[in-house]
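Student: Take a look at query00.cif, mmCIF, C-alpha atoms:
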data_work
loop_
_atom_site.label_atom_id
_atom_site.label_comp_id
_atom_site.auth_asym_id
_atom_site.auth_seq_id
_atom_site.Cartn_x
_atom_site.Cartn_y
_atom_site.Cartn_z
CA GLU A 1 38.34 156.82 218.14
CA THR A 2 41.23 154.56 219.15
CA ALA A 3 42.82 154.85 215.70
CA THR A 4 42.36 158.63 215.72
CA HIS A 5 44.14 158.76 219.06
CA PHE A 6 46.91 156.43 217.85
CA PHE A 7 47.68 158.42 214.70
CA GLY A 8 47.26 161.80 216.37
CA VAL A 9 49.48 163.92 218.62
CA ARG A 10 48.77 164.79 222.26
CA VAL A 11 50.57 167.04 224.74
CA SER A 12 49.39 167.10 228.35
CA ARG A 13 50.27 169.39 231.20
CA GLY A 14 50.97 166.34 233.33
CA GLY A 15 53.38 164.99 230.70
CA CYS A 16 55.28 168.29 230.62
CA GLU A 17 55.54 168.30 234.40
CA ARG A 18 56.76 164.69 234.44
CA LEU A 19 59.53 165.69 232.06
CA VAL A 20 60.66 168.34 234.53
CA ARG A 21 60.58 165.90 237.47
CA ASP A 22 62.55 163.28 235.57
CA ALA A 23 65.08 165.89 234.51
CA ARG A 24 65.54 167.09 238.08
CA ARG A 25 66.29 163.57 239.25
CA LEU A 26 68.91 163.26 236.55
CA LEU A 27 70.44 166.74 236.54
CA GLY A 28 69.74 168.13 239.99
CA PRO A 29 69.06 171.85 240.49
CA CYS A 30 69.85 173.96 237.43
CA ARG A 31 68.65 177.20 235.91
CA PRO A 32 67.41 175.78 232.56
CA LEU A 33 65.03 173.49 234.47
CA ASP A 34 63.70 176.37 236.55
CA GLU A 35 63.05 178.32 233.36
CA LEU A 36 61.31 175.35 231.77
CA GLU A 37 59.06 174.87 234.78
CA ARG A 38 58.00 178.53 234.63
CA ALA A 39 57.42 178.30 230.87
CA ILE A 40 55.17 175.24 231.23
CA LEU A 41 53.11 176.98 233.90
CA GLY A 42 52.91 180.09 231.73
CA LEU A 43 51.59 178.22 228.68
CA TRP A 44 48.84 176.38 230.52
CA ARG A 45 47.82 179.52 232.39
CA SER A 46 47.61 181.39 229.09
CA LEU A 47 45.43 178.63 227.61
CA GLY A 48 43.11 178.79 230.62
CA GLY A 49 42.90 182.56 230.36
CA ARG A 50 42.15 182.49 226.65
CA PHE A 51 39.49 179.78 226.79
CA GLY A 52 37.43 180.60 229.84
CA GLY A 53 39.20 179.48 232.99
CA GLU A 54 39.80 175.99 234.32
CA GLU A 55 37.07 174.09 232.45
CA ALA A 56 37.09 174.05 228.66
CA ARG A 57 36.76 171.72 225.69
CA VAL A 58 37.28 173.58 222.44
CA THR A 59 38.64 173.37 218.93
CA LEU A 60 42.05 175.01 218.99
CA GLU A 61 42.29 177.05 215.80
CA GLN A 62 45.70 178.12 214.51
CA ALA A 63 44.49 181.74 214.53
CA GLU A 64 44.22 181.59 218.34
CA TRP A 65 48.00 181.54 218.68
CA THR A 66 48.54 185.30 218.88
CA GLY A 67 49.55 187.79 221.55
CA GLU A 68 50.16 186.39 225.02
CA LEU A 69 49.32 182.83 224.00
CA GLN A 70 51.80 182.90 221.14
CA GLY A 71 54.43 184.42 223.42
CA SER A 72 53.92 181.70 226.01
CA TYR A 73 54.43 179.01 223.36
CA TYR A 74 57.60 180.67 222.07
CA GLY A 75 58.82 180.90 225.67
CA LEU A 76 58.23 177.20 226.23
CA ASP A 77 59.89 176.22 222.97
CA ALA A 78 62.93 178.37 223.82
CA ALA A 79 63.14 176.86 227.31
CA LEU A 80 63.04 173.34 225.86
CA ASP A 81 65.72 174.26 223.34
CA THR A 82 67.93 175.70 226.10
CA LEU A 83 67.53 172.62 228.28
CA GLY A 84 68.28 170.34 225.35
CA ALA A 85 71.49 172.23 224.59
CA PHE A 86 72.46 172.16 228.28
CA ILE A 87 71.97 168.39 228.45
CA ARG A 88 73.98 167.70 225.32
CA SER A 89 76.83 169.97 226.38
CA GLY A 90 77.64 167.89 229.49
CA ALA A 91 80.26 165.13 229.52
CA ARG A 92 78.75 161.64 229.54
CA THR A 93 79.30 158.10 228.37
CA PRO A 94 77.26 157.45 225.18
CA GLY A 95 74.60 154.81 225.72
CA LEU A 96 75.11 154.74 229.49
CA ASP A 97 73.62 158.08 230.46
CA GLY A 98 69.92 158.94 230.71
CA ARG A 99 70.68 162.35 229.23
CA ASP A 100 70.40 160.97 225.71
CA LEU A 101 66.90 159.68 226.42
CA LEU A 102 65.94 162.94 228.10
CA GLY A 103 67.22 164.89 225.11
CA ASN A 104 65.11 162.72 222.79
CA ARG A 105 62.02 163.40 224.94
CA ILE A 106 62.64 167.12 224.72
CA ASP A 107 62.98 166.94 220.93
CA ALA A 108 59.77 164.91 220.69
CA LEU A 109 57.84 167.38 222.85
CA ARG A 110 59.01 170.31 220.73
CA ALA A 111 57.93 168.50 217.56
CA GLU A 112 54.52 167.61 219.03
CA LEU A 113 53.88 171.18 220.13
CA ALA A 114 54.86 172.48 216.69
CA THR A 115 52.47 170.01 215.02
CA ILE A 116 49.59 171.17 217.20
CA ILE A 117 50.28 174.88 217.01
CA ASP A 118 51.39 175.21 213.38
CA GLY A 119 48.59 172.93 212.19
CA VAL A 120 48.68 170.06 209.71
CA PRO A 121 46.34 169.68 206.68
CA GLY A 122 43.67 167.06 207.33
CA GLN A 123 43.90 167.31 211.11
CA VAL A 124 41.83 169.09 213.73
CA THR A 125 43.50 170.60 216.78
CA TRP A 126 41.75 170.67 220.14
CA LEU A 127 42.11 171.57 223.82
CA GLU A 128 40.63 170.14 227.01
CA LEU A 129 41.06 171.80 230.41
CA ALA A 130 39.84 170.42 233.74
CA GLY A 131 41.19 172.11 236.84
CA LYS A 132 44.97 171.76 236.89
CA ARG A 133 44.82 169.09 234.21
CA GLY A 134 45.03 169.91 230.55
CA VAL A 135 45.67 168.25 227.22
CA MET A 136 45.84 169.53 223.67
CA GLY A 137 46.28 167.60 220.49
CA ALA A 138 46.00 167.23 216.74
CA SER A 139 43.86 164.36 215.38
CA PRO A 140 43.40 163.23 211.77
CA VAL A 141 39.95 163.76 210.29
CA GLU A 142 40.28 161.01 207.66
CA LEU A 143 42.19 157.85 208.54
CA GLY A 144 42.18 156.13 205.15
CA ASP A 145 45.47 157.52 203.82
CA LEU A 146 47.23 156.85 207.12
CA PHE A 147 46.09 153.24 207.22
CA ARG A 148 47.16 152.72 203.62
CA GLN A 149 50.58 154.33 204.05
CA ARG A 150 51.51 152.93 207.45
CA ILE A 151 49.83 149.54 207.49
CA PHE A 152 48.20 148.11 204.38
CA ASP A 153 50.90 149.16 201.90
CA ARG A 154 53.69 147.93 204.19
CA VAL A 155 52.45 144.77 205.90
CA PRO A 156 52.16 141.71 203.60
CA CYS A 157 49.07 140.33 205.35
CA VAL A 158 46.71 142.12 207.72
CA VAL A 159 43.86 140.43 209.61
CA LEU A 160 41.07 142.64 210.98
CA THR A 161 38.63 141.01 213.35
CA SER A 162 35.94 142.40 215.61
CA ALA A 163 32.32 141.87 216.55
CA THR A 164 31.42 145.29 215.11
CA LEU A 165 33.15 145.51 211.72
CA SER A 166 30.04 144.69 209.71
CA GLY A 167 26.29 144.19 209.76
CA GLY A 168 23.89 141.91 207.96
CA PRO A 169 23.65 138.15 207.36
CA PRO A 170 26.73 135.90 207.27
CA ARG A 171 28.37 135.88 203.83
CA LEU A 172 31.78 135.33 202.25
CA THR A 173 32.80 137.90 199.64
CA GLY A 174 35.93 137.97 197.51
CA SER A 175 39.09 135.96 197.31
CA PRO A 176 42.75 136.89 196.93
CA GLY A 177 43.36 138.58 193.59
CA GLU A 178 39.71 139.52 192.97
CA ASP A 179 38.38 143.08 192.62
CA ALA A 180 36.16 142.44 195.61
CA HIS A 181 35.61 146.15 196.21
CA GLU A 182 33.37 146.32 193.12
CA THR A 183 30.73 144.22 194.87
CA PRO A 184 28.72 145.95 197.61
CA THR A 185 29.40 144.18 200.89
CA GLU A 186 28.54 144.41 204.56
CA PHE A 187 31.97 145.97 205.04
CA ALA A 188 31.41 149.02 202.79
CA TYR A 189 31.66 151.56 205.62
CA LEU A 190 34.80 149.95 207.01
CA ARG A 191 36.41 149.88 203.56
CA ALA A 192 35.79 153.58 203.07
CA ARG A 193 36.94 154.47 206.58
CA LEU A 194 40.21 152.55 206.26
CA GLY A 195 41.05 153.70 202.73
CA LEU A 196 40.34 150.31 201.13
CA ASP A 197 37.41 151.34 198.91
CA ARG A 198 39.31 152.78 195.95
CA GLY A 199 38.29 151.20 192.67
CA GLU A 200 40.40 153.68 190.69
CA ASP A 201 43.56 152.69 192.56
CA ALA A 202 45.69 150.32 190.46
CA ARG A 203 47.25 149.07 193.71
CA ALA A 204 43.91 147.96 195.11
CA LEU A 205 44.45 145.37 197.77
CA ALA A 206 43.29 141.78 197.45
CA MET A 207 40.85 141.06 200.29
CA VAL A 208 38.79 138.24 201.71
CA GLU A 209 35.73 139.15 203.79
CA LEU A 210 33.99 136.73 206.11
CA ILE A 211 31.16 137.18 208.59
CA VAL A 212 31.03 134.32 211.11
CA PRO A 213 27.78 133.76 213.03
CA SER A 214 27.82 133.51 216.79
CA PRO A 215 28.29 129.93 218.03
#
Show me, as structure tokens, the structure contained in the file I just sent.
Tutor:
Amino acid sequence: ETATHFFGVRVSRGGCERLVRDARRLLGPCRPLDELERAILGLWRSLGGRFGGEEARVTLEQAEWTGELQGSYYGLDAALDTLGAFIRSGARTPGLDGRDLLGNRIDALRAELATIIDGVPGQVTWLELAGKRGVMGASPVELGDLFRQRIFDRVPCVVLTSATLSGGPPRLTGSPGEDAHETPTEFAYLRARLGLDRGEDARALAMVELIVPSP
């Protein structure tokens, strides 16, 4: 669950509202911020109206983004784009003005919303509503490819340790350079979950497995 959260994308109503508050402290009163605030409220109200009021926990299918809900997303994206252009049009000293950071946050929020709403193969999108709080996100279904691409194929040496990685009696399996994945081990589920159990892969990683008994 932690890895799914780490590799996924989340957008919360609270996070959107914090962006507006931070922008007001930096920019003061301005029309683009007023429009953004209304657009944020409109999107979350539309989500509540589509999915049964203030309490909901549902899978957010791409096909749901039609009609009013689609319009509210387009309105929010346009408001973010307008605010971003407004920020970047002002005179400032590069590297000494918080506007650059604010502009990056706006770009990141637009990208996260697009990922959730447009959908990504291999990910499930979801929505949780609780009163005035809300969060939606896109989470990967299979983590193996992500672990291989972002960690195991990049980091020369990775150590995984936990009290719950395996089951069974203490045993040492494999050594660097061996095809240890060909031998069934207590770590079979973990290997499959993390994308390590690929006998057909010529780049199979060299692994050492060790179960240490409790002292």
Student: Considering only C-alpha atoms, can you say which of A:Arg193, A:Arg45, A:Arg18, A:Arg24 comes closest to Asp145 in chain A?
Tutor: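 The shortest atom-to-atom distance to Asp145 in chain A comes from A:Arg193.
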Student: Could you check how far CA of Pro29 in chain A sits from CA of Val135 in chain A, in Å to one decimal?
Tutor: 27.1 Å
Student: Can you spell out as a ChimeraX atom specification the set of residues that the PyMOL selection byres ((chain A and resi 128) around 10) selects in the structure I just provided?
Tutor: /A:12,47-48,51,54-60,126-127,129-130,133-137
Student: Just to confirm, what's the straight-line distance from CA of Arg191 in chain A to CA of Gly122 in chain A in Å (one decimal)?
Tutor: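 One can read the CA of Arg191 in chain A to CA of Gly122 in chain A distance as 19.0 Å.
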Student: Would you mind telling me which residue in A:Leu102, A:Ala163, A:Gly84, A:Gly67 lies nearest to Ser214 in chain A when using all atoms listed in the file?
Tutor: A:Ala163
Student: To verify the selection step, state as a VMD selection string which residues the PyMOL selection byres ((chain A and resi 112-119) around 6) yields on this input.
Tutor: chain A and resid 109 to 111 120 137 to 138
Student: Using the chain letters and numbers from this file, what does the PyMOL selection byres ((chain A and resi 75-80) around 8) select? Give the answer as a VMD selection string.
Tutor: chain A and resid 32 35 to 36 39 to 40 43 71 to 74 81 to 84 106 110
Student: Would you compute the box with edges along x, y and z of the file around range 43-46 of chain A, including every atom the file lists for it and 4 Å extra on each side, and give its centre and edge lengths in Å to one decimal, as lines of an AutoDock Vina configuration file?
Tutor:
center_x = 49.6
center_y = 178.9
center_z = 230.5
size_x = 12.0
size_y = 13.0
size_z = 11.7
Student: Interatomic distance between CA of Glu17 in chain A and CA of Ala108 in chain A?
Tutor: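 Taking CA of Glu17 in chain A as the start and CA of Ala108 in chain A as the end point, the length is 14.7 Å.
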Student: Which of these residues is nearest to Leu160 in chain A, using all atoms listed in the file: A:Ala63, A:Leu190, A:Gly131, A:Gly103?
Tutor: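 Among the listed residues, the smallest separation from Leu160 in chain A belongs to A:Leu190.
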Student: Extract range 8-33 of chain A from the preceding block and save N, CA, C and O atoms as an mmCIF file, in the first residue's frame.
Tutor:
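The result, written out as decode-v4.cif:
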data_model
loop_
_atom_site.group_PDB
_atom_site.id
_atom_site.type_symbol
_atom_site.label_atom_id
_atom_site.label_comp_id
_atom_site.auth_asym_id
_atom_site.auth_seq_id
_atom_site.Cartn_x
_atom_site.Cartn_y
_atom_site.Cartn_z
ATOM 1 N N GLY A 8 1.948 6.429 -7.098
ATOM 2 C CA GLY A 8 0.713 6.948 -7.664
ATOM 3 C C GLY A 8 0.649 8.467 -7.657
ATOM 4 O O GLY A 8 1.617 9.155 -7.348
ATOM 5 N N VAL A 9 -0.512 8.988 -8.026
ATOM 6 C CA VAL A 9 -0.772 10.426 -8.083
ATOM 7 C C VAL A 9 -2.010 10.715 -7.250
ATOM 8 O O VAL A 9 -3.002 9.981 -7.329
ATOM 9 N N ARG A 10 -1.953 11.773 -6.448
ATOM 10 C CA ARG A 10 -3.094 12.168 -5.615
ATOM 11 C C ARG A 10 -3.308 13.670 -5.727
ATOM 12 O O ARG A 10 -2.353 14.447 -5.739
ATOM 13 N N VAL A 11 -4.582 14.060 -5.802
ATOM 14 C CA VAL A 11 -4.960 15.476 -5.766
ATOM 15 C C VAL A 11 -6.060 15.629 -4.723
ATOM 16 O O VAL A 11 -7.087 14.952 -4.808
ATOM 17 N N SER A 12 -5.837 16.475 -3.743
ATOM 18 C CA SER A 12 -6.825 16.671 -2.689
ATOM 19 C C SER A 12 -7.441 18.060 -2.781
ATOM 20 O O SER A 12 -6.823 19.018 -3.276
ATOM 21 N N ARG A 13 -8.644 18.170 -2.282
ATOM 22 C CA ARG A 13 -9.290 19.476 -2.224
ATOM 23 C C ARG A 13 -8.494 20.411 -1.320
ATOM 24 O O ARG A 13 -8.295 21.579 -1.644
ATOM 25 N N GLY A 14 -8.020 19.874 -0.194
ATOM 26 C CA GLY A 14 -7.227 20.684 0.719
ATOM 27 C C GLY A 14 -5.955 21.197 0.066
ATOM 28 O O GLY A 14 -5.544 22.342 0.290
ATOM 29 N N GLY A 15 -5.305 20.357 -0.756
ATOM 30 C CA GLY A 15 -4.094 20.775 -1.435
ATOM 31 C C GLY A 15 -4.365 21.893 -2.436
ATOM 32 O O GLY A 15 -3.564 22.833 -2.577
ATOM 33 N N CYS A 16 -5.489 21.807 -3.146
ATOM 34 C CA CYS A 16 -5.868 22.868 -4.082
ATOM 35 C C CYS A 16 -6.112 24.175 -3.340
ATOM 36 O O CYS A 16 -5.687 25.252 -3.789
ATOM 37 N N GLU A 17 -6.784 24.082 -2.206
ATOM 38 C CA GLU A 17 -7.088 25.292 -1.436
ATOM 39 C C GLU A 17 -5.825 25.887 -0.821
ATOM 40 O O GLU A 17 -5.709 27.117 -0.711
ATOM 41 N N ARG A 18 -4.870 25.044 -0.431
ATOM 42 C CA ARG A 18 -3.598 25.572 0.074
ATOM 43 C C ARG A 18 -2.847 26.332 -1.011
ATOM 44 O O ARG A 18 -2.190 27.345 -0.735
ATOM 45 N N LEU A 19 -2.930 25.840 -2.232
ATOM 46 C CA LEU A 19 -2.293 26.544 -3.340
ATOM 47 C C LEU A 19 -2.851 27.954 -3.476
ATOM 48 O O LEU A 19 -2.105 28.921 -3.664
ATOM 49 N N VAL A 20 -4.161 28.086 -3.347
ATOM 50 C CA VAL A 20 -4.787 29.405 -3.446
ATOM 51 C C VAL A 20 -4.332 30.304 -2.298
ATOM 52 O O VAL A 20 -3.987 31.475 -2.507
ATOM 53 N N ARG A 21 -4.306 29.776 -1.084
ATOM 54 C CA ARG A 21 -3.884 30.587 0.069
ATOM 55 C C ARG A 21 -2.436 31.049 -0.083
ATOM 56 O O ARG A 21 -2.109 32.213 0.186
ATOM 57 N N ASP A 22 -1.576 30.149 -0.507
ATOM 58 C CA ASP A 22 -0.166 30.513 -0.691
ATOM 59 C C ASP A 22 -0.026 31.570 -1.784
ATOM 60 O O ASP A 22 0.791 32.490 -1.675
ATOM 61 N N ALA A 23 -0.815 31.422 -2.836
ATOM 62 C CA ALA A 23 -0.742 32.389 -3.928
ATOM 63 C C ALA A 23 -1.237 33.761 -3.483
ATOM 64 O O ALA A 23 -0.679 34.793 -3.886
ATOM 65 N N ARG A 24 -2.256 33.791 -2.647
ATOM 66 C CA ARG A 24 -2.762 35.080 -2.161
ATOM 67 C C ARG A 24 -1.725 35.792 -1.301
ATOM 68 O O ARG A 24 -1.591 37.025 -1.364
ATOM 69 N N ARG A 25 -1.008 35.035 -0.502
ATOM 70 C CA ARG A 25 0.038 35.668 0.322
ATOM 71 C C ARG A 25 1.135 36.269 -0.557
ATOM 72 O O ARG A 25 1.727 37.288 -0.202
ATOM 73 N N LEU A 26 1.381 35.623 -1.679
ATOM 74 C CA LEU A 26 2.456 36.082 -2.552
ATOM 75 C C LEU A 26 1.995 37.198 -3.491
ATOM 76 O O LEU A 26 2.717 38.176 -3.714
ATOM 77 N N LEU A 27 0.793 37.058 -4.030
ATOM 78 C CA LEU A 27 0.335 37.955 -5.090
ATOM 79 C C LEU A 27 -0.630 39.026 -4.621
ATOM 80 O O LEU A 27 -0.808 40.048 -5.307
ATOM 81 N N GLY A 28 -1.294 38.776 -3.470
ATOM 82 C CA GLY A 28 -2.333 39.700 -3.048
ATOM 83 C C GLY A 28 -3.607 39.465 -3.854
ATOM 84 O O GLY A 28 -3.714 38.506 -4.626
ATOM 85 N N PRO A 29 -4.588 40.344 -3.711
ATOM 86 C CA PRO A 29 -5.849 40.188 -4.447
ATOM 87 C C PRO A 29 -5.615 40.286 -5.953
ATOM 88 O O PRO A 29 -4.920 41.171 -6.431
ATOM 89 N N CYS A 30 -6.189 39.349 -6.699
ATOM 90 C CA CYS A 30 -6.118 39.423 -8.164
ATOM 91 C C CYS A 30 -7.212 38.547 -8.757
ATOM 92 O O CYS A 30 -7.621 37.538 -8.161
ATOM 93 N N ARG A 31 -7.656 38.914 -9.930
ATOM 94 C CA ARG A 31 -8.776 38.222 -10.562
ATOM 95 C C ARG A 31 -8.479 36.758 -10.881
ATOM 96 O O ARG A 31 -9.346 35.894 -10.672
ATOM 97 N N PRO A 32 -7.281 36.429 -11.422
ATOM 98 C CA PRO A 32 -7.016 35.007 -11.715
ATOM 99 C C PRO A 32 -7.144 34.104 -10.493
ATOM 100 O O PRO A 32 -7.589 32.955 -10.614
ATOM 101 N N LEU A 33 -6.792 34.618 -9.315
ATOM 102 C CA LEU A 33 -6.931 33.807 -8.104
ATOM 103 C C LEU A 33 -8.390 33.625 -7.725
ATOM 104 O O LEU A 33 -8.796 32.552 -7.272
#
